[in-house]
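Here the structure is laid out as structure tokens; the discussion comes afterwards.
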Protein chains: 2
Amino acid sequence: MEVALKLGSKLGRKRNFDKDEALEKAMFLFWENGYLGTSITELTQTLGINKPSLYSAFGNKEQLFMSSLDFYMRKYGHPHLKKLSHPEELPFKERLYDFMTSIAESMTDSTLPKGCLFVKTSCEGSEMIPVQITSALHNIVDDNNQFVINVLEAEQERGEIPKEINVIEYANFIDTMLMGMGVQAKNGANIQSLQPIIQLTVAAIVK
Amino acid sequence: MEVALKLGSKLGRKRNFDKDEALEKAMFLFWENGYLGTSITELTQTLGINKPSLYSAFGNKEQLFMSSLDFYMRKYGHPHLKKLSHPEELPFKERLYDFMTSIAESMTDSTLPKGCLFVKTSCEGSEMIPVQITSALHNIVDDNNQFVINVLEAEQERGEIPKEINVIEYANFIDTMLMGMGVQAKNGANIQSLQPIIQLTVAAIVK
DNA sequence: TTAATTATGTACCGATCAGTAGAATTGCAA
DNA sequence: TTGCAATTCTACTGATCGGTACATAATTAA
């Protein structure tokens, strides 16, 4: 067996850049300018590496975007989710508020690109976007939606929200509002203008 | 004065395509694939005219997009607005419902591109989009927002909604939900899944 | 009929796109 | 020290990008 595991291999010249740092820089570029709006040349300049190094480390543009999207969800997407269910001793109303506020703050953070990478990319044109990316984005929609549904069902069990409500519809309501907030943030909305929207949403969900 | 008005001029060879029909086809392409995702070559093929004719009739890509955006708003944007205020004899609750449903139906219409041209384009990357386009999109946000605010204020006067509510926040709430519906529709949501969201939104606005 | 004017068709421009070939460099193992 | 493996560098590929020069065709006014 000549084939060595890439991770375990100690042979050959070492790459002179940190792969995770480079991935984060790439993610920020995609977040700022979208998939079509980000060129390989701009990536090499921002990451400080040349094309062959980039292709060797990350595959092609599509694969680099997929890795960037994964990085984004792990660092800027999923961490918000736990605020919806924790801390458990907090009333659900407060948790929902903190959850949405946490996302809104990220979307309007002046040190981060405006809006949400997922919302922005999923709004880009159809034909020019690789189907693998489109399908990954659809999976993110479904997963997040299912997560909210699960939490709402759990809260029904705990008696925090009425058993009569349709949790699928309520989850859709929350998710759609969050997506809209992403569009607003991309268009320059600040946290102050999103705060009342969140309060209205929470009030509509938890009486 | 040698300068003749373009509209009045009867000189020279006549163009052998209908400018409005061509503009509508261009608008549909931008609606489907976005600004960056639509190339001049694809435009010439779809419109059935060659590049010099396209440039002569519509200026450059940026100006063609601006005309397309204007066409879109006139035909697929503004017509919804009047449902928010008319017919006056209808309760505001029903008008708000019809208004949002009308937009949702357009966003999910199987004979039209999924979603909303305005939402999709405003989510495209920053650097590669001409500033004139970005600013036009911001104006659309502001104008639509102001329109909803005006209607809400009028409804306060008529006693359809309480005088105590903050109409700016409520207008923002409605607009943000509509933008979110645009993202959902782009990601494949159908009218059936948007309908409950609309009902929840209406219920949150008009008790 | 002629001159002026506008549109069309072909063929092209420089710039940039994503992606790569191949030589030189670096590092570890034997 | 030698040999192999992995990375880096320069330079390049063919394709496509937005946009245009120029000659020809069509239409109207004089």
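For the structure tokens, the naming scheme is as follows: chains receive sequential letters (A, B, ...) according to their order of presentation, residues are indexed from 1 within each chain, and ligands are indexed from 1 in presentation order.
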Residues near DT10 of chain D, anyone? I mean within 12 Å using only C-alpha atoms (C1' of nucleotides), not counting same-chain ones fewer than 6 positions away, as a PyMOL selection string. (chain A and resi 50-52) or (chain C and resi 21-24)
Contact check, chain D to chain A, at most 12 Å, counting only C-alpha atoms (C1' of nucleotides), closest pairs as a tab-separated table:
residue	atom	partner	partner_atom	distance
D:DG3	C1'	A:Gly12	CA	11.7
D:DC4	C1'	A:Gly12	CA	8.2
D:DA5	C1'	A:Gly12	CA	4.5
D:DA6	C1'	A:Gly12	CA	3.9
D:DT7	C1'	A:Arg13	CA	5.4
D:DT8	C1'	A:Ser53	CA	7.0
D:DC9	C1'	A:Asn50	CA	8.3
D:DT10	C1'	A:Asn50	CA	10.4
D:DA11	C1'	A:Lys51	CA	11.9
Selection file, N, CA and C atoms (P, O5', C5', C4', C3', O3' and C1' of nucleotides), as a PDB file, in the first residue's frame:
ATOM      1  P    DG D   3      19.979   8.356  -5.180  1.00  0.00           P
ATOM      2  O5'  DG D   3      18.473   8.271  -4.681  1.00  0.00           O
ATOM      3  C5'  DG D   3      18.085   7.207  -3.810  1.00  0.00           C
ATOM      4  C4'  DG D   3      16.654   7.431  -3.361  1.00  0.00           C
ATOM      5  C3'  DG D   3      15.721   7.935  -4.459  1.00  0.00           C
ATOM      6  O3'  DG D   3      14.460   7.303  -4.314  1.00  0.00           O
ATOM      7  C1'  DG D   3      15.698   9.453  -2.653  1.00  0.00           C
ATOM      8  P    DC D   4      13.442   7.312  -5.522  1.00  0.00           P
ATOM      9  O5'  DC D   4      12.052   7.632  -4.805  1.00  0.00           O
ATOM     10  C5'  DC D   4      11.762   7.033  -3.545  1.00  0.00           C
ATOM     11  C4'  DC D   4      10.953   8.007  -2.704  1.00  0.00           C
ATOM     12  C3'  DC D   4       9.733   8.617  -3.424  1.00  0.00           C
ATOM     13  O3'  DC D   4       8.585   8.393  -2.624  1.00  0.00           O
ATOM     14  C1'  DC D   4      10.986  10.289  -2.320  1.00  0.00           C
ATOM     15  P    DA D   5       7.143   8.549  -3.274  1.00  0.00           P
ATOM     16  O5'  DA D   5       6.461   9.668  -2.363  1.00  0.00           O
ATOM     17  C5'  DA D   5       6.718   9.669  -0.964  1.00  0.00           C
ATOM     18  C4'  DA D   5       6.383  11.030  -0.390  1.00  0.00           C
ATOM     19  C3'  DA D   5       5.159  11.697  -1.011  1.00  0.00           C
ATOM     20  O3'  DA D   5       4.394  12.293   0.020  1.00  0.00           O
ATOM     21  C1'  DA D   5       7.022  13.135  -1.185  1.00  0.00           C
ATOM     22  P    DA D   6       2.842  12.503  -0.207  1.00  0.00           P
ATOM     23  O5'  DA D   6       2.675  14.081  -0.022  1.00  0.00           O
ATOM     24  C5'  DA D   6       3.049  14.672   1.201  1.00  0.00           C
ATOM     25  C4'  DA D   6       3.516  16.085   0.959  1.00  0.00           C
ATOM     26  C3'  DA D   6       2.505  16.985   0.236  1.00  0.00           C
ATOM     27  O3'  DA D   6       2.006  17.948   1.149  1.00  0.00           O
ATOM     28  C1'  DA D   6       4.748  17.286  -0.552  1.00  0.00           C
ATOM     29  P    DT D   7       1.051  19.131   0.632  1.00  0.00           P
ATOM     30  O5'  DT D   7       2.086  20.309   0.316  1.00  0.00           O
ATOM     31  C5'  DT D   7       2.912  20.794   1.360  1.00  0.00           C
ATOM     32  C4'  DT D   7       3.739  21.967   0.852  1.00  0.00           C
ATOM     33  C3'  DT D   7       2.928  23.118   0.250  1.00  0.00           C
ATOM     34  O3'  DT D   7       3.402  24.332   0.800  1.00  0.00           O
ATOM     35  C1'  DT D   7       4.600  22.427  -1.259  1.00  0.00           C
ATOM     36  P    DT D   8       2.698  25.710   0.523  1.00  0.00           P
ATOM     37  O5'  DT D   8       3.660  26.371  -0.559  1.00  0.00           O
ATOM     38  C5'  DT D   8       5.008  26.664  -0.220  1.00  0.00           C
ATOM     39  C4'  DT D   8       5.750  27.144  -1.457  1.00  0.00           C
ATOM     40  C3'  DT D   8       5.068  28.303  -2.182  1.00  0.00           C
ATOM     41  O3'  DT D   8       5.958  29.403  -2.239  1.00  0.00           O
ATOM     42  C1'  DT D   8       5.723  26.598  -3.701  1.00  0.00           C
ATOM     43  P    DC D   9       5.436  30.851  -2.661  1.00  0.00           P
ATOM     44  O5'  DC D   9       5.971  30.997  -4.157  1.00  0.00           O
ATOM     45  C5'  DC D   9       7.356  30.760  -4.446  1.00  0.00           C
ATOM     46  C4'  DC D   9       7.544  30.622  -5.951  1.00  0.00           C
ATOM     47  C3'  DC D   9       6.731  31.630  -6.754  1.00  0.00           C
ATOM     48  O3'  DC D   9       7.609  32.631  -7.257  1.00  0.00           O
ATOM     49  C1'  DC D   9       6.626  29.396  -7.681  1.00  0.00           C
ATOM     50  P    DT D  10       6.990  33.897  -7.991  1.00  0.00           P
ATOM     51  O5'  DT D  10       7.075  33.469  -9.520  1.00  0.00           O
ATOM     52  C5'  DT D  10       8.269  32.863 -10.009  1.00  0.00           C
ATOM     53  C4'  DT D  10       8.047  32.319 -11.412  1.00  0.00           C
ATOM     54  C3'  DT D  10       7.323  33.273 -12.365  1.00  0.00           C
ATOM     55  O3'  DT D  10       8.026  33.318 -13.598  1.00  0.00           O
ATOM     56  C1'  DT D  10       6.233  31.171 -12.328  1.00  0.00           C
ATOM     57  P    DA D  11       7.630  34.397 -14.713  1.00  0.00           P
ATOM     58  O5'  DA D  11       6.844  33.503 -15.760  1.00  0.00           O
ATOM     59  C5'  DA D  11       7.296  32.169 -16.054  1.00  0.00           C
ATOM     60  C4'  DA D  11       6.148  31.396 -16.679  1.00  0.00           C
ATOM     61  C3'  DA D  11       5.311  32.226 -17.648  1.00  0.00           C
ATOM     62  O3'  DA D  11       5.461  31.736 -18.982  1.00  0.00           O
ATOM     63  C1'  DA D  11       3.948  30.917 -16.190  1.00  0.00           C
TER      64       DA D  11
END
From the set B:Met100, B:Cys123, B:Ala154, B:Met179, which residue has the shortest atom-to-atom contact distance to Gly34 of chain A, counting only C-alpha atoms? B:Cys123
Select residues of chain C: the criterion is any atom within 6 Å of an atom of chain B, counting only C-alpha atoms (C1' of nucleotides); output as a VMD selection string. chain C and resid 5 to 7
Would you give me, as a Markdown table, each residue of chain A having an atom within 9 Å of an atom of chain B, along with its shortest atom pair and that distance in Å to one decimal, using only C-alpha atoms and sorting by chain and residue number?
| residue | atom | partner | partner_atom | distance |
| --- | --- | --- | --- | --- |
| A:Phe30 | CA | B:Gly125 | CA | 8.3 |
| A:Trp31 | CA | B:Gly125 | CA | 8.2 |
| A:Glu32 | CA | B:Gly125 | CA | 6.2 |
| A:Asn33 | CA | B:Gly125 | CA | 3.6 |
| A:Gly34 | CA | B:Gly125 | CA | 4.8 |
| A:Tyr35 | CA | B:Gly125 | CA | 7.9 |
| A:Leu36 | CA | B:Leu36 | CA | 6.7 |
| A:Gly37 | CA | B:Gly125 | CA | 5.5 |
| A:Thr38 | CA | B:Gly125 | CA | 8.1 |
| A:Gly115 | CA | B:Cys123 | CA | 8.6 |
| A:Val119 | CA | B:Val183 | CA | 7.1 |
| A:Lys120 | CA | B:Cys123 | CA | 4.9 |
| A:Thr121 | CA | B:Glu124 | CA | 7.5 |
| A:Ser122 | CA | B:Asn187 | CA | 6.9 |
| A:Cys123 | CA | B:Lys120 | CA | 4.9 |
| A:Glu124 | CA | B:Glu124 | CA | 6.0 |
| A:Gly125 | CA | B:Asn33 | CA | 3.6 |
| A:Ser126 | CA | B:Asn33 | CA | 5.3 |
| A:Glu127 | CA | B:Asn33 | CA | 6.4 |
| A:Met128 | CA | B:Gly37 | CA | 5.8 |
| A:Ile129 | CA | B:Gly37 | CA | 8.4 |
| A:Thr134 | CA | B:Asn187 | CA | 8.6 |
| A:Leu137 | CA | B:Asn187 | CA | 8.3 |
| A:His138 | CA | B:Asn187 | CA | 6.6 |
| A:Val141 | CA | B:Asn187 | CA | 8.2 |
| A:Glu169 | CA | B:Pro196 | CA | 6.1 |
| A:Tyr170 | CA | B:Ile197 | CA | 7.7 |
| A:Asn172 | CA | B:Ile197 | CA | 6.9 |
| A:Phe173 | CA | B:Ile197 | CA | 5.2 |
| A:Ile174 | CA | B:Ile197 | CA | 9.0 |
| A:Asp175 | CA | B:Gly180 | CA | 8.1 |
| A:Thr176 | CA | B:Gly180 | CA | 4.7 |
| A:Met177 | CA | B:Met177 | CA | 5.2 |
| A:Leu178 | CA | B:Gly180 | CA | 7.0 |
| A:Met179 | CA | B:Gly180 | CA | 4.7 |
| A:Gly180 | CA | B:Gly180 | CA | 3.6 |
| A:Met181 | CA | B:Thr176 | CA | 6.1 |
| A:Gly182 | CA | B:Gly180 | CA | 8.1 |
| A:Val183 | CA | B:Cys123 | CA | 6.5 |
| A:Gln184 | CA | B:Thr176 | CA | 6.8 |
| A:Lys186 | CA | B:Cys123 | CA | 6.7 |
| A:Asn187 | CA | B:His138 | CA | 6.6 |
| A:Gly188 | CA | B:His138 | CA | 8.5 |
| A:Ser193 | CA | B:Glu169 | CA | 7.8 |
| A:Leu194 | CA | B:Asn172 | CA | 8.3 |
| A:Pro196 | CA | B:Glu169 | CA | 6.1 |
| A:Ile197 | CA | B:Phe173 | CA | 5.2 |
| A:Ile198 | CA | B:Phe173 | CA | 8.5 |
| A:Leu200 | CA | B:Ala204 | CA | 7.4 |
| A:Thr201 | CA | B:Ala204 | CA | 7.9 |
| A:Ala203 | CA | B:Ala204 | CA | 7.9 |
| A:Ala204 | CA | B:Ala204 | CA | 5.5 |
| A:Ile205 | CA | B:Leu200 | CA | 8.8 |
Selection file, N, CA and C atoms, as a short mmCIF file (atom, residue, chain, number, x, y, z; two decimals), in the first residue's frame:
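Full text of part.cif as output:
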data_model
loop_
_atom_site.label_atom_id
_atom_site.label_comp_id
_atom_site.auth_asym_id
_atom_site.auth_seq_id
_atom_site.Cartn_x
_atom_site.Cartn_y
_atom_site.Cartn_z
N PHE A 30 -16.26 35.03 1.05
CA PHE A 30 -17.54 34.53 0.53
C PHE A 30 -18.71 35.20 1.24
N TRP A 31 -18.57 35.38 2.53
CA TRP A 31 -19.61 36.02 3.33
C TRP A 31 -19.85 37.45 2.84
N GLU A 32 -18.77 38.13 2.55
CA GLU A 32 -18.87 39.52 2.12
C GLU A 32 -19.39 39.64 0.69
N ASN A 33 -18.84 38.83 -0.21
CA ASN A 33 -19.08 39.04 -1.64
C ASN A 33 -19.86 37.94 -2.35
N GLY A 34 -20.22 36.90 -1.63
CA GLY A 34 -20.98 35.82 -2.25
C GLY A 34 -20.11 34.86 -3.03
N TYR A 35 -20.73 33.83 -3.59
CA TYR A 35 -19.96 32.82 -4.33
C TYR A 35 -19.50 33.36 -5.67
N LEU A 36 -20.41 33.92 -6.45
CA LEU A 36 -20.04 34.44 -7.77
C LEU A 36 -19.18 35.69 -7.65
N GLY A 37 -19.38 36.47 -6.61
CA GLY A 37 -18.66 37.72 -6.44
C GLY A 37 -17.26 37.56 -5.88
N THR A 38 -16.87 36.33 -5.58
CA THR A 38 -15.54 36.06 -5.04
C THR A 38 -14.72 35.30 -6.07
N GLY A 115 -25.19 40.80 7.37
CA GLY A 115 -26.12 39.76 6.97
C GLY A 115 -25.63 38.37 7.33
N VAL A 119 -28.05 33.00 4.00
CA VAL A 119 -29.15 33.70 3.32
C VAL A 119 -28.64 34.32 2.02
N LYS A 120 -27.48 34.97 2.09
CA LYS A 120 -26.96 35.66 0.92
C LYS A 120 -26.69 34.68 -0.22
N THR A 121 -26.02 33.60 0.09
CA THR A 121 -25.66 32.65 -0.97
C THR A 121 -26.89 31.97 -1.53
N SER A 122 -27.85 31.66 -0.66
CA SER A 122 -29.04 30.96 -1.17
C SER A 122 -29.88 31.88 -2.05
N CYS A 123 -29.59 33.19 -2.03
CA CYS A 123 -30.32 34.11 -2.90
C CYS A 123 -29.58 34.36 -4.22
N GLU A 124 -28.38 33.84 -4.35
CA GLU A 124 -27.65 34.04 -5.60
C GLU A 124 -28.31 33.26 -6.73
N GLY A 125 -27.98 33.62 -7.94
CA GLY A 125 -28.60 33.02 -9.12
C GLY A 125 -28.55 31.50 -9.13
N SER A 126 -29.39 30.92 -9.96
CA SER A 126 -29.53 29.48 -9.96
C SER A 126 -28.49 28.80 -10.84
N GLU A 127 -28.47 29.16 -12.10
CA GLU A 127 -27.69 28.40 -13.09
C GLU A 127 -26.20 28.36 -12.81
N MET A 128 -25.65 29.46 -12.35
CA MET A 128 -24.20 29.56 -12.19
C MET A 128 -23.71 28.95 -10.87
N ILE A 129 -24.63 28.60 -9.98
CA ILE A 129 -24.24 28.03 -8.69
C ILE A 129 -24.24 26.51 -8.80
N THR A 134 -26.18 24.41 -3.88
CA THR A 134 -27.61 24.65 -3.70
C THR A 134 -28.22 23.61 -2.78
N LEU A 137 -27.27 24.12 0.81
CA LEU A 137 -28.01 25.23 1.41
C LEU A 137 -29.42 24.79 1.78
N HIS A 138 -30.03 23.99 0.91
CA HIS A 138 -31.37 23.47 1.22
C HIS A 138 -31.32 22.60 2.47
N VAL A 141 -31.37 24.80 5.50
CA VAL A 141 -32.74 25.25 5.79
C VAL A 141 -33.49 24.17 6.54
N GLU A 169 -45.78 25.24 11.76
CA GLU A 169 -46.08 26.60 11.30
C GLU A 169 -45.32 27.64 12.12
N TYR A 170 -45.26 27.42 13.42
CA TYR A 170 -44.56 28.37 14.28
C TYR A 170 -43.05 28.38 13.98
N ASN A 172 -41.69 27.67 11.15
CA ASN A 172 -41.57 28.37 9.86
C ASN A 172 -41.63 29.87 10.06
N PHE A 173 -42.52 30.29 10.93
CA PHE A 173 -42.68 31.72 11.23
C PHE A 173 -41.37 32.30 11.76
N ILE A 174 -40.77 31.62 12.72
CA ILE A 174 -39.51 32.08 13.30
C ILE A 174 -38.40 32.09 12.25
N ASP A 175 -38.26 31.00 11.52
CA ASP A 175 -37.20 30.89 10.52
C ASP A 175 -37.33 31.96 9.44
N THR A 176 -38.54 32.17 8.99
CA THR A 176 -38.76 33.15 7.94
C THR A 176 -38.40 34.55 8.42
N MET A 177 -38.75 34.85 9.65
CA MET A 177 -38.40 36.15 10.20
C MET A 177 -36.88 36.31 10.30
N LEU A 178 -36.20 35.26 10.68
CA LEU A 178 -34.74 35.33 10.76
C LEU A 178 -34.12 35.56 9.39
N MET A 179 -34.66 34.90 8.38
CA MET A 179 -34.16 35.12 7.02
C MET A 179 -34.40 36.55 6.59
N GLY A 180 -35.57 37.06 6.88
CA GLY A 180 -35.87 38.46 6.55
C GLY A 180 -34.91 39.40 7.25
N MET A 181 -34.57 39.10 8.49
CA MET A 181 -33.62 39.92 9.22
C MET A 181 -32.25 39.90 8.53
N GLY A 182 -31.92 38.76 7.95
CA GLY A 182 -30.67 38.68 7.20
C GLY A 182 -30.66 39.62 6.01
N VAL A 183 -31.77 39.69 5.31
CA VAL A 183 -31.88 40.59 4.16
C VAL A 183 -31.82 42.04 4.64
N GLN A 184 -32.55 42.35 5.70
CA GLN A 184 -32.53 43.71 6.25
C GLN A 184 -31.11 44.11 6.66
N LYS A 186 -28.27 42.91 5.58
CA LYS A 186 -27.46 43.10 4.39
C LYS A 186 -27.70 44.48 3.79
N ASN A 187 -28.94 44.97 3.90
CA ASN A 187 -29.29 46.27 3.34
C ASN A 187 -29.02 47.41 4.31
N GLY A 188 -28.31 47.13 5.39
CA GLY A 188 -27.86 48.22 6.26
C GLY A 188 -28.61 48.40 7.56
N SER A 193 -32.94 48.60 14.95
CA SER A 193 -34.16 48.47 14.15
C SER A 193 -34.67 47.03 14.13
N LEU A 194 -33.78 46.07 14.44
CA LEU A 194 -34.21 44.67 14.45
C LEU A 194 -34.83 44.28 15.80
N PRO A 196 -37.09 45.64 17.87
CA PRO A 196 -38.56 45.63 17.99
C PRO A 196 -39.20 44.49 17.19
N ILE A 197 -38.60 44.16 16.06
CA ILE A 197 -39.12 43.05 15.25
C ILE A 197 -39.06 41.75 16.03
N ILE A 198 -37.94 41.57 16.72
CA ILE A 198 -37.78 40.36 17.52
C ILE A 198 -38.84 40.31 18.62
N LEU A 200 -41.77 41.69 18.65
CA LEU A 200 -43.08 41.39 18.07
C LEU A 200 -43.20 39.90 17.73
N THR A 201 -42.10 39.34 17.23
CA THR A 201 -42.10 37.91 16.88
C THR A 201 -42.29 37.06 18.13
N ALA A 203 -43.61 37.92 20.92
CA ALA A 203 -44.96 38.12 21.45
C ALA A 203 -45.98 37.33 20.66
N ALA A 204 -45.72 37.15 19.37
CA ALA A 204 -46.66 36.39 18.54
C ALA A 204 -46.58 34.90 18.83
N ILE A 205 -45.42 34.46 19.29
CA ILE A 205 -45.21 33.02 19.55
C ILE A 205 -45.64 32.65 20.97
#
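For Gly159 of chain A, the list of residues within 12 Å, based on only C-alpha atoms (C1' of nucleotides) and with local chain neighbours fewer than 5 positions off taken out, reads A:Pro91, A:Phe92, A:Leu152, A:Glu153, A:Ala154, A:Glu164, A:Ile165, A:Val206.
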Please run DSSP on the backbone and report, as an MDAnalysis selection string, all residues within segment 15-204 of chain B that come out as helix (DSSP H, G or I). chainID B and resid 19:33 40:47 51:58 61:85 92:108 117:122 131:158 167:186 191:204
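Atom CA of Phe118 of chain A sits 11.0 Å away from atom CA of Asn139 of chain A.
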All residues 9 Å or closer to segment 18-24 of chain D, only C-alpha atoms (C1' of nucleotides), same chain fewer than 6 positions away omitted, as number ranges by chain: B: 39-40, 51-52, 55, 60-61; C: 8-9, 12-13
